[in-house]
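See below for the structure under consideration.
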Amino acid sequence: MGSKRHLREEAPSLAKKTKSATKCDSPAVPKSAQTRPLPPHKYILAPMVGGSELAFRLLCRRYATPQLLCYTPMMDSGRFVADAAYRNEIFQTSAADRPLVAHFSGNQPDVMLAAARLVQPKVDAVDLNLGCPQRIAHSGHFGSFLLDDADRPLVLEIVRTLASNLSVPVFCKIRLLETTQKTIELCASLRDAGAALIAIHARHRVNLVGRSGPGARDGPALLEEVSAVKQAVTGVPIIANGNVQCWQDVLANLSTTGADGIMSAEGLLDDPTLFLPTRELDHKKRRCSVPDCTADPDPTSDGSAVRTEELKEIKKLEKKLRQIKALEARVNAPLNPEETAKVEQKKKVKKALKRLRASAEDTMLEGSNRGITPASSRDALPSTGEKGPRKAPQPAKLALEYLDLALSTNVNMKCAIFHVRRMAKEVLLKYQLMEEVLNAQRLDQLQDLLQLCVKYDEEGNFVFDPQKAQKQKEALQIKKWREATRKRFEERMVRKALRSNLPKDYYLNKGIKLPTAEDMARLRALSPDERWAHWQAHHSQHCWALHFEAGGCQRERTCAFIHADIAESTSANDPTWLQEKNGL
C-alpha cells in the first residue's frame, strides 16, 4: 500500500488526465430492474454497527431536512435470510423513517438478493458493504476485504445480481484502494455493473496485523482522492465520507471534493443536529448555509459559499476555542503556564470568530441579493408542530430526547449508553457522571443522570469531588494500560503464527471468548489438567492467573493478556462488545 504522501501527490495529476488515463465515462446503461428513482442523497447518516439504529435515525431526522438519507446498521445477509429473530431485531423502521437504505454485508450473490427482497418494500435503496475494515470482516470475508483484485469478479456479480432483480437502486460503500487510479477503476466497474450510487470512506483498510501504519480511523481522510474519483468517474453519484465533525467541515468537505453528497458517522454521533437546516441561527450566531452540491463547487463563486480563506480561518479558530473550553473543564491537573496563556486568549478568539462568521454571512447575503438562494431556505424544515424552525437543544436534553425514542423502539442498553456518552460527553465529564452512565443497567437510570446534568446546568449547584476525580484518572490509566498490553499480545501472537508458517492472524481469532459465570462454575469442577486444556481451547486470550490463581494476577500492568470481568451471560461474548469493554 502506498504512502499518504504518494497518494496525495498522485491525486491532482490524475484529476487532470482522467480522460486519457482511464475510460471512466458512463457507458450505455446496463439492464436493470430499477423502477424507483434515487432517493435524495445530499446529506447522509452513515451505516454504523450499534449506532444507526431506528431511535438514532429518528433523532437525526428530527434535526435535519426531511430529505436526510439514513442507512441501517450493517446487517449480515446470511443471518437475515435464515433467522427471523435476528431479522426482527436488526431491522426496525417506521413510517417516519424514510428515505432509508438497507445496508448488507455478505459475499454470496443469491443470499444478498434474498435478503434485499425481504426489505425491498420498506426501503428506498439497498447497499453492499465494501468498507468494513474490522477483524470480523476479515474472518467472514466481507466488507473491505472483498476489495482485493481476486474478488473483483465476485463483487461485480453481486452488484449485477441485485441491480437486475431489484426495483430499488443498488448502492456500494467502499474504502480507498492502494492507489487513486485503482479506486477510480473500482468505481467505474461498480457503476458499469449497475451501482446507482457510490459512497467513499476516504481512508484505507486498517492493518490488523502488527498494527503498523495508519489505522482505519487514524488521521485525516484523504478527500483529495475523492475529488479525483469524482472528476474521473461520470454517470454515478459519488458521496464523500470523512473529516466531518462540525458544520464548517460540511462546507469544507463539499467544497474540496465536489461530491454529490456528504456522509457523516462520527460527526453525527457527537452532534445529531449536524445537518440542522437553521444551523446558522444557533445561539444567535448566523453562519453561512451549505452550498448547493448541484451548483458550481468553486468556493469563490459569487455567494455560493464562504471564501476558502475565511472558511479555513473559521475552522482554525473553532478548533482553538474547543481546546480552550477543554482546558477550562479540566479538573484532574493544574494548567501549566502555556495552557494558562491559551485560556487567557478566549475572549480574543471568540471576538475574531464572531467577526469572521459575520463576514461569511455577508458573503451569503450578497449572493442572495443577486438572486442566489441559500440552500437552507430552499430545504423544507422538519415538521415539528412548533412555531418557527427547530433549534438544537443542549447536549443533555438532546440525549434525553434520544432516550425517549429508545424507549419506544426497543433499544438495548449497550447501544443507549454508547449514544448517551457520545452526545453528552462534555457535560457528563464536567459533572463527574460518566462512570455512572457507563455502569447504568436501565434506560431510566440514564434518564435520571441526564436530568441531573440539566439541573446542574440550570441551577449551578454542582460540587466538585476531588476523590472521585482521582478514581476516574486511575480508571483512564488502566484503560490505556489495557490498550498497550493488548497491542503487545497481538504482536506476540503474530510472531508466533509466522514462526509456524500460519496466517498472521491465526492465533488472534482463537480464544477470544470471555468466560461466563456458568463457564467458570464448570471449569472449577474439572481437574486442573482438564481445566487448563479447556481454557487454552476457548479462553486463551484471557488472563488465567486473574481468574484462578490465589491473589489474582501478580504481573499486574506487565501482563499482556486480557483482564476482563466475568461475563454475566453468553450474550456478552460478541467480540465487538469485548473490545469496547476493554478499550481496544
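Letters for chains follow the order of the C-alpha cells (A, B, ...), residue numbers begin at 1 for each chain, and ligand numbers begin at 1 in the order shown.
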All residues 6 Å or closer to segment 172-174 of chain A, only C-alpha atoms, same chain fewer than 5 positions away omitted, as number ranges by chain:
A: 127-131, 198-200
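Summary of the local environment: counting only C-alpha atoms, residues at most 6 Å from Ser164 of chain A, other than itself and those fewer than 2 positions away along its chain, are Ser32, Ala33, Arg160, Thr161 and Leu162 of chain A.
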Next, dump the selected residues to file, keeping only all heavy atoms, as an mmCIF file, in the first residue's frame.
```cif
data_model
loop_
_atom_site.group_PDB
_atom_site.id
_atom_site.type_symbol
_atom_site.label_atom_id
_atom_site.label_comp_id
_atom_site.auth_asym_id
_atom_site.auth_seq_id
_atom_site.Cartn_x
_atom_site.Cartn_y
_atom_site.Cartn_z
ATOM 1 N N SER A 32 -31.361 -3.211 -16.037
ATOM 2 C CA SER A 32 -31.644 -3.079 -14.616
ATOM 3 C C SER A 32 -33.128 -3.174 -14.371
ATOM 4 O O SER A 32 -33.943 -2.758 -15.193
ATOM 5 C CB SER A 32 -31.113 -1.736 -14.091
ATOM 6 O OG SER A 32 -31.506 -1.529 -12.749
ATOM 7 N N ALA A 33 -33.485 -3.725 -13.209
ATOM 8 C CA ALA A 33 -34.892 -3.833 -12.834
ATOM 9 C C ALA A 33 -35.352 -2.607 -12.052
ATOM 10 O O ALA A 33 -36.501 -2.514 -11.669
ATOM 11 C CB ALA A 33 -35.101 -5.089 -11.984
ATOM 12 N N ARG A 160 -24.388 -6.872 -10.010
ATOM 13 C CA ARG A 160 -25.229 -7.147 -11.195
ATOM 14 C C ARG A 160 -26.490 -7.919 -10.803
ATOM 15 O O ARG A 160 -27.592 -7.636 -11.293
ATOM 16 C CB ARG A 160 -24.432 -7.932 -12.238
ATOM 17 C CG ARG A 160 -23.547 -7.066 -13.129
ATOM 18 C CD ARG A 160 -23.015 -7.861 -14.308
ATOM 19 N NE ARG A 160 -22.097 -8.899 -13.879
ATOM 20 C CZ ARG A 160 -20.769 -8.735 -13.824
ATOM 21 N NH1 ARG A 160 -20.225 -7.576 -14.168
ATOM 22 N NH2 ARG A 160 -19.990 -9.731 -13.434
ATOM 23 N N THR A 161 -26.334 -8.883 -9.901
ATOM 24 C CA THR A 161 -27.486 -9.689 -9.474
ATOM 25 C C THR A 161 -28.527 -8.817 -8.787
ATOM 26 O O THR A 161 -29.728 -8.938 -9.053
ATOM 27 C CB THR A 161 -27.024 -10.799 -8.516
ATOM 28 O OG1 THR A 161 -26.113 -11.667 -9.210
ATOM 29 C CG2 THR A 161 -28.205 -11.618 -8.015
ATOM 30 N N LEU A 162 -28.076 -7.938 -7.907
ATOM 31 C CA LEU A 162 -29.004 -7.051 -7.210
ATOM 32 C C LEU A 162 -29.658 -6.063 -8.174
ATOM 33 O O LEU A 162 -30.877 -5.862 -8.161
ATOM 34 C CB LEU A 162 -28.273 -6.296 -6.100
ATOM 35 C CG LEU A 162 -27.695 -7.128 -4.952
ATOM 36 C CD1 LEU A 162 -26.930 -6.236 -3.987
ATOM 37 C CD2 LEU A 162 -28.793 -7.876 -4.208
#
```
Skipping near chain neighbours, those fewer than 5 positions away, what residues fall within 8 Å of segment 241-243 of chain A using only C-alpha atoms, listed as a JSON list (two decimals) with N, CA and C atoms, in the first residue's frame?
```json
[["chain", "number", "residue", "atom", "x", "y", "z"],
["A", 199, "ALA", "N", -20.57, 5.48, -2.23],
["A", 199, "ALA", "CA", -20.07, 6.28, -1.11],
["A", 199, "ALA", "C", -18.64, 5.85, -0.81],
["A", 200, "ILE", "N", -17.76, 6.83, -0.68],
["A", 200, "ILE", "CA", -16.33, 6.53, -0.46],
["A", 200, "ILE", "C", -15.90, 7.01, 0.91],
["A", 201, "HIS", "N", -15.59, 6.06, 1.80],
["A", 201, "HIS", "CA", -14.93, 6.41, 3.05],
["A", 201, "HIS", "C", -13.46, 6.63, 2.71],
["A", 202, "ALA", "N", -13.02, 7.87, 2.80],
["A", 202, "ALA", "CA", -11.72, 8.25, 2.25],
["A", 202, "ALA", "C", -10.55, 7.88, 3.15],
["A", 203, "ARG", "N", -10.56, 6.63, 3.60],
["A", 203, "ARG", "CA", -9.42, 6.06, 4.33],
["A", 203, "ARG", "C", -9.19, 4.64, 3.83],
["A", 220, "PRO", "N", -6.45, 12.23, 9.16],
["A", 220, "PRO", "CA", -7.50, 12.83, 8.34],
["A", 220, "PRO", "C", -7.83, 11.96, 7.13],
["A", 221, "ALA", "N", -9.08, 12.06, 6.69],
["A", 221, "ALA", "CA", -9.49, 11.37, 5.46],
["A", 221, "ALA", "C", -8.81, 12.01, 4.27],
["A", 223, "LEU", "N", -9.42, 13.37, 1.30],
["A", 223, "LEU", "CA", -10.52, 13.90, 0.49],
["A", 223, "LEU", "C", -10.09, 14.24, -0.93],
["A", 249, "ASP", "N", -17.08, 21.80, 8.67],
["A", 249, "ASP", "CA", -16.50, 20.66, 7.98],
["A", 249, "ASP", "C", -17.38, 20.21, 6.82],
["A", 253, "ASN", "N", -15.76, 19.94, 3.21],
["A", 253, "ASN", "CA", -15.76, 18.64, 2.53],
["A", 253, "ASN", "C", -16.39, 18.76, 1.15],
["A", 262, "ILE", "N", -22.73, 14.32, 1.14],
["A", 262, "ILE", "CA", -21.78, 14.11, 2.22],
["A", 262, "ILE", "C", -22.37, 13.17, 3.25],
["A", 263, "MET", "N", -21.58, 12.20, 3.67],
["A", 263, "MET", "CA", -22.00, 11.19, 4.64],
["A", 263, "MET", "C", -21.21, 11.39, 5.93],
["A", 264, "SER", "N", -21.91, 11.33, 7.06],
["A", 264, "SER", "CA", -21.24, 11.52, 8.35],
["A", 264, "SER", "C", -21.59, 10.39, 9.30]]
```
Tell me, in Å to one decimal, how far atom CA of Phe142 of chain A is from atom CA of His103 of chain A.
12.7 Å
Hey, what does DSSP flag as strand (DSSP E or B) within segment 18-208 of chain A? Can you give it to me as a VMD selection string?
chain A and resid 43 to 45 69 to 71 75 to 76 100 to 105 125 to 130 170 to 175 197 to 201
Within 7 Å of segment 532-539 of chain A using only C-alpha atoms, minus same-chain residues under 2 positions, as number ranges by chain
A: 511-515, 528-530, 541-542
Neighbours of Pro237 of chain A within 9 Å (only C-alpha atoms; same-chain residues fewer than 6 positions away dropped), as a list of chain:residue names?
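Close residues of Pro237 of chain A: A:His41, A:Ala196, A:Leu197, A:Ile198, A:Ala199, A:Lys230, A:Ala259, A:Asp260, A:Gly261.
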Keeping all heavy atoms for every residue in the selection just given, could you write it to a file as a PDB file, in the first residue's frame?
```
ATOM      1  N   HIS A  41     -29.840  12.496  -1.689  1.00  0.00           N
ATOM      2  CA  HIS A  41     -28.582  11.983  -1.137  1.00  0.00           C
ATOM      3  C   HIS A  41     -27.555  13.085  -0.893  1.00  0.00           C
ATOM      4  O   HIS A  41     -26.352  12.859  -0.972  1.00  0.00           O
ATOM      5  CB  HIS A  41     -27.990  10.931  -2.085  1.00  0.00           C
ATOM      6  CG  HIS A  41     -27.933  11.365  -3.516  1.00  0.00           C
ATOM      7  ND1 HIS A  41     -28.962  11.110  -4.389  1.00  0.00           N
ATOM      8  CD2 HIS A  41     -26.994  12.038  -4.223  1.00  0.00           C
ATOM      9  CE1 HIS A  41     -28.655  11.602  -5.581  1.00  0.00           C
ATOM     10  NE2 HIS A  41     -27.457  12.171  -5.492  1.00  0.00           N
ATOM     11  N   ALA A 196     -25.930   2.354  -8.462  1.00  0.00           N
ATOM     12  CA  ALA A 196     -26.569   3.637  -8.755  1.00  0.00           C
ATOM     13  C   ALA A 196     -25.991   4.773  -7.921  1.00  0.00           C
ATOM     14  O   ALA A 196     -26.278   5.951  -8.199  1.00  0.00           O
ATOM     15  CB  ALA A 196     -28.069   3.539  -8.497  1.00  0.00           C
ATOM     16  N   LEU A 197     -25.175   4.447  -6.918  1.00  0.00           N
ATOM     17  CA  LEU A 197     -24.523   5.454  -6.071  1.00  0.00           C
ATOM     18  C   LEU A 197     -23.352   4.789  -5.368  1.00  0.00           C
ATOM     19  O   LEU A 197     -23.452   3.622  -4.959  1.00  0.00           O
ATOM     20  CB  LEU A 197     -25.520   6.020  -5.060  1.00  0.00           C
ATOM     21  CG  LEU A 197     -25.025   7.054  -4.056  1.00  0.00           C
ATOM     22  CD1 LEU A 197     -26.138   8.077  -3.741  1.00  0.00           C
ATOM     23  CD2 LEU A 197     -24.545   6.409  -2.756  1.00  0.00           C
ATOM     24  N   ILE A 198     -22.254   5.531  -5.221  1.00  0.00           N
ATOM     25  CA  ILE A 198     -21.064   5.003  -4.558  1.00  0.00           C
ATOM     26  C   ILE A 198     -20.623   5.973  -3.472  1.00  0.00           C
ATOM     27  O   ILE A 198     -20.367   7.150  -3.747  1.00  0.00           O
ATOM     28  CB  ILE A 198     -19.905   4.778  -5.544  1.00  0.00           C
ATOM     29  CG1 ILE A 198     -20.316   3.781  -6.639  1.00  0.00           C
ATOM     30  CG2 ILE A 198     -18.658   4.286  -4.815  1.00  0.00           C
ATOM     31  CD1 ILE A 198     -19.307   3.664  -7.768  1.00  0.00           C
ATOM     32  N   ALA A 199     -20.573   5.483  -2.226  1.00  0.00           N
ATOM     33  CA  ALA A 199     -20.072   6.277  -1.106  1.00  0.00           C
ATOM     34  C   ALA A 199     -18.639   5.847  -0.812  1.00  0.00           C
ATOM     35  O   ALA A 199     -18.354   4.656  -0.730  1.00  0.00           O
ATOM     36  CB  ALA A 199     -20.948   6.082   0.134  1.00  0.00           C
ATOM     37  N   LYS A 230     -14.302  11.682  -8.289  1.00  0.00           N
ATOM     38  CA  LYS A 230     -15.485  12.401  -8.751  1.00  0.00           C
ATOM     39  C   LYS A 230     -15.276  12.972 -10.150  1.00  0.00           C
ATOM     40  O   LYS A 230     -16.175  12.925 -11.007  1.00  0.00           O
ATOM     41  CB  LYS A 230     -15.826  13.519  -7.761  1.00  0.00           C
ATOM     42  CG  LYS A 230     -16.927  14.470  -8.219  1.00  0.00           C
ATOM     43  CD  LYS A 230     -18.223  13.734  -8.470  1.00  0.00           C
ATOM     44  CE  LYS A 230     -19.295  14.674  -9.024  1.00  0.00           C
ATOM     45  NZ  LYS A 230     -20.493  13.935  -9.464  1.00  0.00           N
ATOM     46  N   ALA A 259     -18.253  16.523  -4.310  1.00  0.00           N
ATOM     47  CA  ALA A 259     -19.076  15.318  -4.292  1.00  0.00           C
ATOM     48  C   ALA A 259     -20.557  15.657  -4.408  1.00  0.00           C
ATOM     49  O   ALA A 259     -20.982  16.799  -4.198  1.00  0.00           O
ATOM     50  CB  ALA A 259     -18.816  14.525  -3.009  1.00  0.00           C
ATOM     51  N   ASP A 260     -21.355  14.633  -4.720  1.00  0.00           N
ATOM     52  CA  ASP A 260     -22.798  14.810  -4.868  1.00  0.00           C
ATOM     53  C   ASP A 260     -23.524  14.800  -3.535  1.00  0.00           C
ATOM     54  O   ASP A 260     -24.722  15.087  -3.472  1.00  0.00           O
ATOM     55  CB  ASP A 260     -23.360  13.700  -5.754  1.00  0.00           C
ATOM     56  CG  ASP A 260     -22.759  13.739  -7.145  1.00  0.00           C
ATOM     57  OD1 ASP A 260     -23.204  14.580  -7.944  1.00  0.00           O
ATOM     58  OD2 ASP A 260     -21.830  12.959  -7.412  1.00  0.00           O
ATOM     59  N   GLY A 261     -22.815  14.462  -2.478  1.00  0.00           N
ATOM     60  CA  GLY A 261     -23.409  14.451  -1.154  1.00  0.00           C
ATOM     61  C   GLY A 261     -22.355  14.173  -0.123  1.00  0.00           C
ATOM     62  O   GLY A 261     -21.208  13.836  -0.446  1.00  0.00           O
TER      63      GLY A 261
END
```
Neighbour list for segment 448-464 of chain A as a VMD selection string, cut-off 12 Å, only C-alpha atoms, skip fewer than 5 positions in-chain
chain A and resid 329 to 332 393 to 403 417 420 to 421 423 to 440 442 to 443 469 to 470
